[in-house]
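A short worksheet on the structure shown next.
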Amino acid sequence: MSLPFLLHHGTLGPVRSRFALLALSGLISTTVAALGPLPAAAAVPAGFADQLVASVASPTAMAFTPDGRLLVTTQGGTVRVVEDGVLLATPAITVPQLCSNSERGLLGVAVDPQFATNGFVFLYYSLRKAATCDSTTVNRVSRFVMTGNTLGSETVLIDNVPSPNGNHNAGDLQFGKDGLLYVSIGDGGCDYLNDSGCAALNDAARDRNVLLGKIARIDRNGNVPAGNPFTGSGTARCNTGPSAPGTICQETFAWGLRNPFRMAFDPNAAGTRFYINDVGQAAWEEIDEGSAGADYGWNVREGHCATGSTTNCGPPPAGMTNPIFDYGRSDGCRTITGGAFVPDGVWPAPFSGRYLFSDFGCGKIFRLDPNGSGGFTRTDFVTDLGGGSAVHLTFGPWRNTQALYYTSYTNGGQVRRIVHPAGTTEGDYDGDGDAEIGVFRPSTGTWFVRNGSPASVAWGVDGDVPVPGDYDGDGDTDIAVFRPSTGVWFVRGGSPASVAWGTEGDIPAPADYDGDGDTDIAVFRPAAGVWFIRGGSPASVAWGTQGDVPVAGDYDGDGAAEVAVFRPSSGTWFVRNGNPSAVGWGTAGDLPVPADYDGDGRTEIAVFRPSSGTWFVRNGNPATVVFGAEGDVPAPADYDGNASADVAVFRPSIGTWFVRNGTPSSVVWGTNGDRPLTAAP
């Protein structure tokens, strides 16, 4: 379906809003149009980048296996596998008898902490019980065994959770540090007994003998843990459906929730600590701290107030627990969805341990910060995601650290990630996320970096080729030269400081070929058409011929550079393992200027035509840009820290840089004979 998670506002009964009407009729284009145009690229802070991982229709949730495979559930019932950066063509499973109408579908996935030995994967999905997906549909939690990239051997753990109205299914699955499985379950939208009504009138979350509006906790076999808060007299199992009226479900960990669509567990806590994102009715979106036995008040309370009110907000009734944070809808943010805690140490200090959460309605990811008075405030972290994003957030492996992965219904459905540092920002000598203007002066072997500390560094001799790169993976660019006469690399502050790699006639081609976050030493030998990558696997690759220009770049957005050449004689690009592998773009006399011009994490094929001072960017917007003149040296780089490369040239005749849309747009830095440090190949 189109944008199901917006089906939660208003008081129109079973079909309660314009979003519900659109979703139920499958009008995805109309829904997206109602929310505004799709974004060209997410707006991320300086030093961060937003990258495409895979295009997946209607992606609902994600989980990583210990070996780094990413499992992605779709609302339509498939589990897709991303392995080594590639979306596998065959799903791990297609769930049978699935209902995916309204907000139903395959909604959650969790990987067992002991997956390496048992292969267990858990799914939450909507099961069709009749000929059509009607009020008899139920939600189910099942355990599967993963063999290779296939899921099978289903064991049902929780069954027959009512889904009477199609919405408010919740559906998150997460393991705590206690090794137990937590399950978020919504209130069903309308009362499962047809005795109270729908929306704010639905009191199913108050019924203790049904798992609606609850957080359930079970072990990997579906048993009730001894530490669950409701296991004594007057309790009963609800794993096969509601128990007798007056009893309390033993699976219940917490209750009084409306649609707790996503949970997030704190990886930095010593024990099990988690937050619950509960989608509101008409006034408040809320974040609750998971606590054994807690009653969060729905349908009596919404946020920190009486249901539907923004003024009747006194202390909660006895026995009820207020959220730790809630927010209203005046700015268009009206549907809280994904959440994730930032693992300590993976991002800069202001983010360490912070809670991030997303809003599907306004397409933003927020950071939750303490306000100094025991409460919290929210600040924008990522904006311009478009309505329909982000659905689910999770941290997972990226290079030698972690990134924030999220699912989105925009652009046809995608899995994306927010990374820091934003790859190796070429020319970023101070690690602030943007490139510095700089030149290498061959006559003196001196580097001059604008705003650098120091601004000038003697490193190299006449005849050396500057090869700046992040050779140690610390997020900033290192000063380095390649000496063609001896085939030796000299890296300032490197360990070792000098490396013999190459020979006279080789062309240096440093890049991050293995995606580990640091620049690899590499050369292209035109005479043989062979690349030699230090530490590479393989170490030598035949790709190209005499006269080709090496143009290594991350053309597929997987975080690792591809071996590639530009052939000036025919204006053709050849990208190893590319799709396609050969692209005609340019003509004789053009200079290749590959870079990530749109901030999508992929290198774009592009050329600069000196005769007319024109840039041609394949799939660019715009595709042609007049900027520069004959004799200029193209020097594209991310000078403003927005994770996309800026069109720029260095004019040697006057020692001046011109940066398109830069502030300032022209900078005097260098002299005739200097080589810009961000010069294209």
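FYI, nothing fancy with the structure tokens labels: chains A, B, ... in order, residues from 1 per chain, ligands from 1 as they appear.
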
Item checked: Distance query range 256-261 of chain A at most 8 Å, only C-alpha atoms, self and fewer than 2 positions along chain excluded, as a PyMOL selection string -> chain A and resi 168-172+184-187+205-206+213-214+254+263+276-280+295-299+337-338

Would you mind exporting N, CA and C atoms of the selected residues as a PDB file, in the first residue's frame?
```pdb
ATOM      1  N   HIS A 168      -3.406   0.534  13.508  1.00  0.00           N
ATOM      2  CA  HIS A 168      -2.914   0.422  14.882  1.00  0.00           C
ATOM      3  C   HIS A 168      -2.483  -1.005  15.209  1.00  0.00           C
ATOM      4  N   ASN A 169      -1.661  -1.583  14.333  1.00  0.00           N
ATOM      5  CA  ASN A 169      -1.130  -2.923  14.580  1.00  0.00           C
ATOM      6  C   ASN A 169       0.164  -2.885  15.375  1.00  0.00           C
ATOM      7  N   ALA A 170       0.835  -1.687  15.421  1.00  0.00           N
ATOM      8  CA  ALA A 170       2.216  -1.575  15.923  1.00  0.00           C
ATOM      9  C   ALA A 170       3.056  -2.596  15.149  1.00  0.00           C
ATOM     10  N   GLY A 171       3.903  -3.419  15.786  1.00  0.00           N
ATOM     11  CA  GLY A 171       4.610  -4.439  15.020  1.00  0.00           C
ATOM     12  C   GLY A 171       6.109  -4.481  15.177  1.00  0.00           C
ATOM     13  N   ASP A 172       6.656  -3.833  16.200  1.00  0.00           N
ATOM     14  CA  ASP A 172       8.107  -3.860  16.364  1.00  0.00           C
ATOM     15  C   ASP A 172       8.530  -5.069  17.183  1.00  0.00           C
ATOM     16  N   SER A 184       5.892  -4.854  20.325  1.00  0.00           N
ATOM     17  CA  SER A 184       4.965  -3.724  20.473  1.00  0.00           C
ATOM     18  C   SER A 184       3.680  -4.016  19.701  1.00  0.00           C
ATOM     19  N   ILE A 185       2.538  -3.793  20.370  1.00  0.00           N
ATOM     20  CA  ILE A 185       1.232  -4.144  19.799  1.00  0.00           C
ATOM     21  C   ILE A 185       0.286  -2.958  19.964  1.00  0.00           C
ATOM     22  N   GLY A 186      -0.389  -2.567  18.877  1.00  0.00           N
ATOM     23  CA  GLY A 186      -1.325  -1.454  18.919  1.00  0.00           C
ATOM     24  C   GLY A 186      -2.699  -1.855  19.419  1.00  0.00           C
ATOM     25  N   ASP A 187      -3.590  -0.850  19.493  1.00  0.00           N
ATOM     26  CA  ASP A 187      -4.913  -1.110  20.084  1.00  0.00           C
ATOM     27  C   ASP A 187      -5.945  -1.576  19.053  1.00  0.00           C
ATOM     28  N   ALA A 205      -6.983  -0.972  24.844  1.00  0.00           N
ATOM     29  CA  ALA A 205      -5.712  -0.927  25.576  1.00  0.00           C
ATOM     30  C   ALA A 205      -5.924  -1.027  27.087  1.00  0.00           C
ATOM     31  N   ARG A 206      -7.150  -0.751  27.552  1.00  0.00           N
ATOM     32  CA  ARG A 206      -7.457  -0.844  28.985  1.00  0.00           C
ATOM     33  C   ARG A 206      -7.811  -2.274  29.383  1.00  0.00           C
ATOM     34  N   GLY A 213      -2.622  -2.860  22.600  1.00  0.00           N
ATOM     35  CA  GLY A 213      -2.157  -1.688  23.340  1.00  0.00           C
ATOM     36  C   GLY A 213      -1.115  -2.014  24.384  1.00  0.00           C
ATOM     37  N   LYS A 214      -0.306  -3.052  24.125  1.00  0.00           N
ATOM     38  CA  LYS A 214       0.661  -3.532  25.122  1.00  0.00           C
ATOM     39  C   LYS A 214       2.073  -3.638  24.527  1.00  0.00           C
ATOM     40  N   ALA A 254       4.231  -3.951  29.653  1.00  0.00           N
ATOM     41  CA  ALA A 254       3.679  -2.626  29.937  1.00  0.00           C
ATOM     42  C   ALA A 254       2.413  -2.464  29.105  1.00  0.00           C
ATOM     43  N   MET A 263      10.116   0.815  18.865  1.00  0.00           N
ATOM     44  CA  MET A 263      10.853   0.893  20.126  1.00  0.00           C
ATOM     45  C   MET A 263      12.335   1.041  19.794  1.00  0.00           C
ATOM     46  N   ILE A 276       9.796   3.882  23.917  1.00  0.00           N
ATOM     47  CA  ILE A 276       8.653   3.477  23.092  1.00  0.00           C
ATOM     48  C   ILE A 276       8.115   4.710  22.391  1.00  0.00           C
ATOM     49  N   ASN A 277       8.030   4.671  21.076  1.00  0.00           N
ATOM     50  CA  ASN A 277       7.434   5.767  20.312  1.00  0.00           C
ATOM     51  C   ASN A 277       5.970   5.433  20.038  1.00  0.00           C
ATOM     52  N   ASP A 278       5.072   6.162  20.717  1.00  0.00           N
ATOM     53  CA  ASP A 278       3.637   5.881  20.612  1.00  0.00           C
ATOM     54  C   ASP A 278       2.966   6.966  19.778  1.00  0.00           C
ATOM     55  N   VAL A 279       2.360   6.548  18.658  1.00  0.00           N
ATOM     56  CA  VAL A 279       1.706   7.486  17.744  1.00  0.00           C
ATOM     57  C   VAL A 279       0.431   8.023  18.384  1.00  0.00           C
ATOM     58  N   GLY A 280       0.241   9.340  18.321  1.00  0.00           N
ATOM     59  CA  GLY A 280      -0.881   9.975  18.995  1.00  0.00           C
ATOM     60  C   GLY A 280      -2.163  10.004  18.190  1.00  0.00           C
ATOM     61  N   ASP A 295       1.662   1.661  33.160  1.00  0.00           N
ATOM     62  CA  ASP A 295       0.433   1.955  32.427  1.00  0.00           C
ATOM     63  C   ASP A 295       0.572   3.374  31.890  1.00  0.00           C
ATOM     64  N   TYR A 296       0.658   3.522  30.553  1.00  0.00           N
ATOM     65  CA  TYR A 296       0.879   4.834  29.949  1.00  0.00           C
ATOM     66  C   TYR A 296      -0.415   5.593  29.670  1.00  0.00           C
ATOM     67  N   GLY A 297      -1.551   4.991  30.032  1.00  0.00           N
ATOM     68  CA  GLY A 297      -2.769   5.769  30.151  1.00  0.00           C
ATOM     69  C   GLY A 297      -3.758   5.759  29.019  1.00  0.00           C
ATOM     70  N   TRP A 298      -3.363   5.337  27.804  1.00  0.00           N
ATOM     71  CA  TRP A 298      -4.324   5.354  26.711  1.00  0.00           C
ATOM     72  C   TRP A 298      -5.465   4.374  26.992  1.00  0.00           C
ATOM     73  N   ASN A 299      -6.721   4.715  26.779  1.00  0.00           N
ATOM     74  CA  ASN A 299      -7.232   5.841  26.048  1.00  0.00           C
ATOM     75  C   ASN A 299      -7.711   6.977  26.950  1.00  0.00           C
ATOM     76  N   THR A 337       7.627   7.866  14.422  1.00  0.00           N
ATOM     77  CA  THR A 337       7.872   6.514  13.917  1.00  0.00           C
ATOM     78  C   THR A 337       9.159   5.958  14.522  1.00  0.00           C
ATOM     79  N   GLY A 338      10.259   5.929  13.760  1.00  0.00           N
ATOM     80  CA  GLY A 338      11.459   5.223  14.191  1.00  0.00           C
ATOM     81  C   GLY A 338      12.202   5.884  15.331  1.00  0.00           C
TER      82      GLY A 338
END
```

Next item on the list: Extract the full set of helix (DSSP H, G or I) residues from range 115-298 of chain A according to DSSP on the backbone, and format it as a ChimeraX atom specification.
Entry: /A:115-118,199-201,204-206

Residue selection dump (N, CA and C atoms) as a PDB file, in the first residue's frame:
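Saved result, result.pdb, follows:
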```
ATOM      1  N   PHE A 115      22.109 -15.827  17.121  1.00  0.00           N
ATOM      2  CA  PHE A 115      21.883 -16.200  15.724  1.00  0.00           C
ATOM      3  C   PHE A 115      23.023 -17.047  15.165  1.00  0.00           C
ATOM      4  N   ALA A 116      24.244 -16.744  15.551  1.00  0.00           N
ATOM      5  CA  ALA A 116      25.394 -17.465  14.999  1.00  0.00           C
ATOM      6  C   ALA A 116      25.309 -18.958  15.251  1.00  0.00           C
ATOM      7  N   THR A 117      24.608 -19.350  16.322  1.00  0.00           N
ATOM      8  CA  THR A 117      24.496 -20.778  16.640  1.00  0.00           C
ATOM      9  C   THR A 117      23.114 -21.350  16.343  1.00  0.00           C
ATOM     10  N   ASN A 118      22.048 -20.503  16.398  1.00  0.00           N
ATOM     11  CA  ASN A 118      20.704 -21.070  16.186  1.00  0.00           C
ATOM     12  C   ASN A 118      20.023 -20.600  14.901  1.00  0.00           C
ATOM     13  N   ALA A 199     -10.977   4.870  17.351  1.00  0.00           N
ATOM     14  CA  ALA A 199     -10.129   6.021  17.638  1.00  0.00           C
ATOM     15  C   ALA A 199     -10.068   6.252  19.149  1.00  0.00           C
ATOM     16  N   ALA A 200     -10.358   7.466  19.613  1.00  0.00           N
ATOM     17  CA  ALA A 200     -10.233   7.775  21.042  1.00  0.00           C
ATOM     18  C   ALA A 200     -11.263   7.053  21.895  1.00  0.00           C
ATOM     19  N   LEU A 201     -12.332   6.536  21.270  1.00  0.00           N
ATOM     20  CA  LEU A 201     -13.346   5.796  22.028  1.00  0.00           C
ATOM     21  C   LEU A 201     -12.939   4.344  22.266  1.00  0.00           C
ATOM     22  N   ALA A 204      -9.656  -0.742  24.057  1.00  0.00           N
ATOM     23  CA  ALA A 204      -9.037  -2.073  24.074  1.00  0.00           C
ATOM     24  C   ALA A 204      -7.732  -2.094  24.856  1.00  0.00           C
ATOM     25  N   ALA A 205      -6.983  -0.972  24.844  1.00  0.00           N
ATOM     26  CA  ALA A 205      -5.712  -0.927  25.576  1.00  0.00           C
ATOM     27  C   ALA A 205      -5.924  -1.027  27.087  1.00  0.00           C
ATOM     28  N   ARG A 206      -7.150  -0.751  27.552  1.00  0.00           N
ATOM     29  CA  ARG A 206      -7.457  -0.844  28.985  1.00  0.00           C
ATOM     30  C   ARG A 206      -7.811  -2.274  29.383  1.00  0.00           C
TER      31      ARG A 206
END
```

Next item on the list: Have a look at CA of Met320 in chain A and CA of Glu286 in chain A and let me know their distance in Å, one decimal.
Entry: 14.4 Å

Margin query: Residues within 12 Å of Gly363 in chain A, please, as an MDAnalysis selection string. Count only C-alpha atoms; anything in the same chain fewer than 5 positions from it doesn't count.
Written below: chainID A and resid 32 35:39 41:43 331:338 357:358 380:391 406:410

Checklist line | For Thr90 in chain A: contacts at 9 Å, only C-alpha atoms, fewer than 3 positions along chain excluded, given as a count of residues only | finding: 6

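Excluding Pro652 in chain A itself and any same-chain residue fewer than 6 positions from it, the protein and nucleic acid residues within 9 Å of it, counting only C-alpha atoms, are A:Gly631, A:Asp632, A:Val633, A:Gly670, A:Thr671, A:Asn672, A:Gly673, A:Asp674, A:Arg675.
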
Using only C-alpha atoms, please write the residues we just selected to a file, as a compact mmCIF listing (two decimals), in the first residue's frame.
```txt
# COMPACT_ATOMS: atom_id res chain seq x y z
CA GLY A 631 43.01 27.37 -18.96
CA ASP A 632 41.15 26.84 -15.70
CA VAL A 633 41.84 23.73 -13.63
CA GLY A 670 47.98 30.43 -5.02
CA THR A 671 49.96 31.54 -8.02
CA ASN A 672 50.74 30.47 -11.56
CA GLY A 673 52.35 27.04 -11.53
CA ASP A 674 50.60 25.88 -8.35
CA ARG A 675 48.48 22.73 -8.44
```

Margin query: I'd like the contact shell of Asn202 in chain A - 6 Å cut-off, only C-alpha atoms, skipping same-chain residues fewer than 4 positions apart - returned as a PyMOL selection string.
Written below: chain A and resi 190-191+196-198

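The closest residue to Ser163 in chain A, picked from A:Gly108, A:Gly308, A:Gly493, A:Gly188 and counting only C-alpha atoms, is A:Gly188.
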
Note to self: List the spatial neighbours of range 154-162 of chain A as a PyMOL selection string - criterion: any atom at most 6 Å away, only C-alpha atoms, same-chain residues fewer than 4 positions off excluded.
What the structure shows: chain A and resi 138-144+222+239-241

Margin query: DSSP on the backbone: which residues in range 245-459 of chain A end up as strand (DSSP E)? Give the answer as a PyMOL selection string.
Written below: chain A and resi 248-249+252-255+262-265+274-278+285-289+301-302+305-306+325-327+336-341+355-359+364-370+376-382+389-398+401-408+414-419+438-441+446-449+456-458

Go through range 548-667 of chain A and flag each residue having an atom no more than 12 Å from range 414-418 of chain A; for those, report the closest pair of atoms plus their distance in Å to one decimal, using only C-alpha atoms, ordered by chain and rising number, as JSON lines.
```
{"residue": "A:Gly557", "atom": "CA", "partner": "A:Arg416", "partner_atom": "CA", "distance": 10.4}
{"residue": "A:Asp558", "atom": "CA", "partner": "A:Arg417", "partner_atom": "CA", "distance": 10.7}
{"residue": "A:Gly559", "atom": "CA", "partner": "A:Arg417", "partner_atom": "CA", "distance": 10.8}
{"residue": "A:Gly599", "atom": "CA", "partner": "A:Ile418", "partner_atom": "CA", "distance": 11.3}
{"residue": "A:Asp600", "atom": "CA", "partner": "A:Arg416", "partner_atom": "CA", "distance": 9.5}
{"residue": "A:Gly601", "atom": "CA", "partner": "A:Arg417", "partner_atom": "CA", "distance": 9.5}
{"residue": "A:Ala643", "atom": "CA", "partner": "A:Ile418", "partner_atom": "CA", "distance": 10.8}
```
